[in-house]
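Read the structure below first, then the notes.
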Number of protein chains: 2
Amino acid sequence: MTSPTARRGLPTENSPESFGVTPVNRVKRVHDRGRYDRKTVYEILDAALVCHIAYVIDGRPYCTPTAFWREGDHLYWHGSSASRMIRTQAEGVPVCLTVTHLDALVMARSGFHHSVNYRSVMAFGTAHVIDDAETKLKLMDRFIDRIYPGRSTLIRQPNAQEFKATTMMGMEIEHASGKVRSTHVGDEEEDYATVPAWSALYPVTQVIGEASDCPRQLPGLARPEGMADFEPGTRLDELMTKSYRRTFG
Amino acid sequence: MTSPTARRGLPTENSPESFGVTPVNRVKRVHDRGRYDRKTVYEILDAALVCHIAYVIDGRPYCTPTAFWREGDHLYWHGSSASRMIRTQAEGVPVCLTVTHLDALVMARSGFHHSVNYRSVMAFGTAHVIDDAETKLKLMDRFIDRIYPGRSTLIRQPNAQEFKATTMMGMEIEHASGKVRSTHVGDEEEDYATVPAWSALYPVTQVIGEASDCPRQLPGLARPEGMADFEPGTRLDELMTKSYRRTFG
């Protein structure tokens, strides 16, 4: 019997262009929204500041929001309570790291066709603690710079206590899939003419506002050049993409 | 030995005012940000449209974004691929449903004190499929009305095929905790005077834009009265809270 993946001609192995489609990452519900090419998956990840990470402790699932970033095929984030478990498991633990951008509310003429527009990625891998001190220090700097380009050179470096208190975690992406809906209202053909319900799409954006200076700001300081993109009203996803490119090229 | 929970005088059992603090839902990292009172937990949930749900299949964690809503101590959402597993397990499956509102970027004078402001909730329970047809139909209507007050009476009702294709899932909240950061920049005392790094807070908001009419809108239709709060520029969290109150009082 041919698998649904093979039937649809999708690759089953990771390649430079695409993630392979496996039973783990295959998009099952509304599968034509599935995206497996690295360009789309990376763009969705790099436009995000916050992800949600699922992991298992004693058979029970946990879902923790946290800031993260990508370098090549690796994802990094700060330690959470999961790290306790990871430190006791030399092999690392399986995690699913999910990113979601909400782009629109979509009102249709039937409940069934109500929807939202979104861009999401589910990335699967095995989380491990970054123990090497030099690597960890570099990652701590890049975590800051990824959001605020160049900032790691302006701030005080971590002291021994802060360094110890910070758990840096990483994972290689083993499987990943994106899912995207970006169309307008889509109804059953017979409903357009017969259902007199006002139907529309409301775009949704996440934006930054005006900076509020620290009340104890030293005199003479201003927004540094590396943060020129931090203009009030800027979309956070576009800002994170720009910051990412300034830092990682 | 006294547990940290008992030492801090927190209740260990659910009550009308609060969720009990147990090893499952106790906020471990930066524990003074933990919130267990129902008012705070419910407000964070009811201001959200999208959550992330963690569940386990074959020992592997999955984290799926989806729309959801609360009624009393129950949370509801549409079926995901997890439902296949749930249908084979009469007892239901443990899930963690997490909601996160990102409120600000917080830049400090050390990497350690960089942060974000946020409101989040992790809710733990056992997911089950809503099989009773009458209950399921009512929930399908309320899913629409919770977002667009009164809309379920304007649209076409689900046909048999749509009804069958929709899996409605629910869970009672067994444990829950909120976590909130809402303060400004907070640095080590000695850093304020000695680190010449511009430090600030950028508010982050998620807003709706101008409605885009369905290109096949029937003539003479306009935004219905129940959606009077859907004004361009409105914050999505405030809008969802208002819609929630219009629908559930």
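Ordered as shown in the structure tokens, chains take letters A, B, and onward, while each chain numbers its residues from 1 and ligands are numbered from 1 in the order shown.
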
Kindly assemble as a Markdown table a list of the chain B residues that lie within 6 Å of chain A, each paired with its nearest atom pair and their distance in Å to one decimal, using only C-alpha atoms, sorted first by chain and then by ascending residue number.
```
| residue | atom | partner | partner_atom | distance |
| --- | --- | --- | --- | --- |
| B:Ala54 | CA | A:Cys63 | CA | 5.4 |
| B:Tyr55 | CA | A:Pro61 | CA | 5.4 |
| B:Pro61 | CA | A:Tyr55 | CA | 5.4 |
| B:Tyr62 | CA | A:Cys96 | CA | 5.4 |
| B:Cys63 | CA | A:Ala54 | CA | 5.5 |
| B:Val95 | CA | A:Pro61 | CA | 5.9 |
| B:Cys96 | CA | A:Tyr62 | CA | 5.4 |
| B:Arg109 | CA | A:Ile155 | CA | 5.1 |
| B:Ser110 | CA | A:Arg156 | CA | 4.9 |
| B:Leu154 | CA | A:Ala197 | CA | 5.6 |
| B:Ile155 | CA | A:Arg109 | CA | 5.1 |
| B:Arg156 | CA | A:Ser110 | CA | 4.9 |
| B:Val185 | CA | A:Cys214 | CA | 6.0 |
| B:Ala197 | CA | A:Leu154 | CA | 5.6 |
| B:Trp198 | CA | A:Leu221 | CA | 5.4 |
| B:Ser199 | CA | A:Cys214 | CA | 5.6 |
| B:Ala200 | CA | A:Asp213 | CA | 4.3 |
| B:Leu201 | CA | A:Ser212 | CA | 5.1 |
| B:Tyr202 | CA | A:Ala211 | CA | 4.6 |
| B:Pro203 | CA | A:Gly209 | CA | 5.1 |
| B:Val204 | CA | A:Ile208 | CA | 4.5 |
| B:Thr205 | CA | A:Gln206 | CA | 5.5 |
| B:Gln206 | CA | A:Gln206 | CA | 4.0 |
| B:Val207 | CA | A:Thr205 | CA | 5.5 |
| B:Ile208 | CA | A:Val204 | CA | 4.5 |
| B:Gly209 | CA | A:Pro203 | CA | 5.2 |
| B:Ala211 | CA | A:Tyr202 | CA | 4.6 |
| B:Ser212 | CA | A:Leu201 | CA | 5.1 |
| B:Asp213 | CA | A:Ala200 | CA | 4.3 |
| B:Cys214 | CA | A:Ala200 | CA | 4.9 |
| B:Leu221 | CA | A:Trp198 | CA | 5.4 |
| B:Ala222 | CA | A:Trp198 | CA | 5.8 |
```

Okay, now the selection with C-alpha atoms, as a CSV table (one decimal), in the first residue's frame?
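Final output, out.csv:
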```
chain,number,residue,atom,x,y,z
B,54,ALA,CA,0.6,20.0,24.1
B,55,TYR,CA,-0.2,16.3,24.0
B,61,PRO,CA,5.3,15.6,22.5
B,62,TYR,CA,3.3,17.7,20.0
B,63,CYS,CA,2.4,21.4,20.3
B,95,VAL,CA,-3.1,17.9,27.7
B,96,CYS,CA,-1.5,21.2,28.6
B,109,ARG,CA,21.8,46.9,31.1
B,110,SER,CA,22.8,43.2,31.4
B,154,LEU,CA,-26.9,34.9,10.9
B,155,ILE,CA,-25.0,32.1,9.2
B,156,ARG,CA,-26.0,28.8,7.6
B,185,VAL,CA,13.4,47.8,33.2
B,197,ALA,CA,23.6,51.4,27.5
B,198,TRP,CA,20.3,53.0,26.4
B,199,SER,CA,17.6,51.0,28.2
B,200,ALA,CA,13.9,51.0,27.4
B,201,LEU,CA,10.7,49.2,27.2
B,202,TYR,CA,8.8,48.8,23.9
B,203,PRO,CA,5.1,48.0,24.3
B,204,VAL,CA,3.8,45.3,22.0
B,205,THR,CA,0.1,45.1,21.0
B,206,GLN,CA,-1.8,42.9,18.6
B,207,VAL,CA,-4.5,44.9,16.8
B,208,ILE,CA,-7.1,44.3,14.1
B,209,GLY,CA,-7.1,46.4,10.9
B,211,ALA,CA,-12.3,44.9,7.5
B,212,SER,CA,-11.9,43.6,4.0
B,213,ASP,CA,-15.3,42.7,2.6
B,214,CYS,CA,-15.7,39.3,1.0
B,221,LEU,CA,-25.0,44.0,3.9
B,222,ALA,CA,-23.0,45.8,6.7
```

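Proximity to Pro16 of chain B at 10 Å, evaluated using only C-alpha atoms and with sequence-adjacent residues fewer than 3 positions away removed, yields Phe19, Asp37, Arg38 and Lys39 of chain B.
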
TODO: Looking only at alpha helix (DSSP H) from DSSP on the backbone, list the matching residues of segment 23-114 of chain A as JSON, numbers by chain.
DONE: {"A": [38, 39, 40, 41, 42, 43, 44, 45, 46, 82, 83, 84, 85, 86, 87]}

TODO: Take atom CA of Lys179 of chain B and atom CA of Asp73 of chain B and report the distance between them in Å, one decimal.
DONE: 18.4 Å

Could you pull out all residues of segment 27-144 of chain B with a DSSP call of strand (DSSP E) and give them as a PDB file with C-alpha atoms, in the first residue's frame?
```pdb
ATOM      1  CA  GLY B  34       3.022  33.124  39.513  1.00  0.00           C
ATOM      2  CA  ARG B  35      -0.748  33.773  39.686  1.00  0.00           C
ATOM      3  CA  VAL B  50      -5.420  31.230  19.999  1.00  0.00           C
ATOM      4  CA  CYS B  51      -3.787  28.781  22.398  1.00  0.00           C
ATOM      5  CA  HIS B  52      -1.099  26.122  22.043  1.00  0.00           C
ATOM      6  CA  ILE B  53      -1.982  22.593  23.146  1.00  0.00           C
ATOM      7  CA  ALA B  54       0.644  20.029  24.099  1.00  0.00           C
ATOM      8  CA  TYR B  55      -0.159  16.318  23.972  1.00  0.00           C
ATOM      9  CA  VAL B  56       1.726  13.052  23.690  1.00  0.00           C
ATOM     10  CA  ILE B  57       1.573  10.416  20.939  1.00  0.00           C
ATOM     11  CA  ARG B  60       6.575  12.117  21.676  1.00  0.00           C
ATOM     12  CA  PRO B  61       5.298  15.635  22.483  1.00  0.00           C
ATOM     13  CA  TYR B  62       3.274  17.658  19.979  1.00  0.00           C
ATOM     14  CA  CYS B  63       2.407  21.357  20.271  1.00  0.00           C
ATOM     15  CA  THR B  64      -0.522  22.515  18.126  1.00  0.00           C
ATOM     16  CA  PRO B  65      -1.875  26.068  17.837  1.00  0.00           C
ATOM     17  CA  THR B  66      -5.647  26.338  17.723  1.00  0.00           C
ATOM     18  CA  ALA B  67      -8.564  28.605  18.575  1.00  0.00           C
ATOM     19  CA  PHE B  68     -10.274  27.824  21.899  1.00  0.00           C
ATOM     20  CA  TRP B  69     -12.589  29.283  24.526  1.00  0.00           C
ATOM     21  CA  ARG B  70     -13.581  28.848  28.161  1.00  0.00           C
ATOM     22  CA  GLU B  71     -16.944  28.141  29.794  1.00  0.00           C
ATOM     23  CA  HIS B  74     -14.035  23.908  30.914  1.00  0.00           C
ATOM     24  CA  LEU B  75     -11.974  24.693  27.843  1.00  0.00           C
ATOM     25  CA  TYR B  76     -13.105  23.794  24.318  1.00  0.00           C
ATOM     26  CA  TRP B  77     -11.433  23.613  20.925  1.00  0.00           C
ATOM     27  CA  HIS B  78     -11.700  21.964  17.531  1.00  0.00           C
ATOM     28  CA  VAL B  93      -5.522  11.995  27.195  1.00  0.00           C
ATOM     29  CA  PRO B  94      -3.612  14.485  29.332  1.00  0.00           C
ATOM     30  CA  VAL B  95      -3.052  17.861  27.707  1.00  0.00           C
ATOM     31  CA  CYS B  96      -1.520  21.203  28.627  1.00  0.00           C
ATOM     32  CA  LEU B  97      -3.272  24.195  27.069  1.00  0.00           C
ATOM     33  CA  THR B  98      -1.162  27.354  27.128  1.00  0.00           C
ATOM     34  CA  VAL B  99      -2.094  30.958  26.334  1.00  0.00           C
ATOM     35  CA  THR B 100       0.454  33.746  25.965  1.00  0.00           C
ATOM     36  CA  HIS B 101      -0.031  37.479  25.465  1.00  0.00           C
ATOM     37  CA  LEU B 102       3.190  39.348  24.627  1.00  0.00           C
ATOM     38  CA  ASP B 103       2.963  42.866  26.090  1.00  0.00           C
ATOM     39  CA  ALA B 104       6.420  44.446  25.829  1.00  0.00           C
ATOM     40  CA  LEU B 105      10.103  44.059  24.977  1.00  0.00           C
ATOM     41  CA  VAL B 106      12.287  45.043  27.947  1.00  0.00           C
ATOM     42  CA  SER B 115      13.019  40.294  29.421  1.00  0.00           C
ATOM     43  CA  VAL B 116       9.584  40.583  27.929  1.00  0.00           C
ATOM     44  CA  ASN B 117       6.340  41.541  29.590  1.00  0.00           C
ATOM     45  CA  TYR B 118       3.662  38.943  29.150  1.00  0.00           C
ATOM     46  CA  ARG B 119       0.544  37.325  30.586  1.00  0.00           C
ATOM     47  CA  SER B 120       0.412  33.557  30.259  1.00  0.00           C
ATOM     48  CA  VAL B 121      -1.618  30.627  31.561  1.00  0.00           C
ATOM     49  CA  MET B 122      -0.842  26.926  31.562  1.00  0.00           C
ATOM     50  CA  ALA B 123      -3.973  24.817  32.097  1.00  0.00           C
ATOM     51  CA  PHE B 124      -3.736  21.066  32.660  1.00  0.00           C
ATOM     52  CA  GLY B 125      -6.503  18.556  32.157  1.00  0.00           C
ATOM     53  CA  THR B 126      -7.728  15.467  30.357  1.00  0.00           C
ATOM     54  CA  ALA B 127      -9.048  16.045  26.848  1.00  0.00           C
ATOM     55  CA  HIS B 128     -12.114  14.221  25.626  1.00  0.00           C
ATOM     56  CA  VAL B 129     -14.260  14.274  22.491  1.00  0.00           C
TER      57      VAL B 129
END
```

Task: Residue with smallest distance to Glu174 of chain B - pool B:Val21, B:Glu188, B:Lys138, B:His31, counting only C-alpha atoms - done: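 The shortest atom-to-atom distance to Glu174 of chain B comes from B:Val21.
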
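Coordinates place atom CA of Leu45 of chain A at a distance of 28.4 Å from atom CA of Val41 of chain B.
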
Open item on the list: Here is a test: counting only C-alpha atoms, which residue of B:Ser182, B:Val30, B:Thr12, B:Arg142 is nearest to Tyr244 of chain B?
Closed with: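 When distances to Tyr244 of chain B are compared using only C-alpha atoms, the smallest one comes from B:Arg142.
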
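The gap separating atom CA of Gly150 of chain B from atom CA of Ile44 of chain B is 22.7 Å, in Å to one decimal.
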
Task: Pick from B:Leu10, B:Leu137, B:Met240, B:Ala228 nearest to Tyr36 of chain B, counting only C-alpha atoms - done: B:Leu10
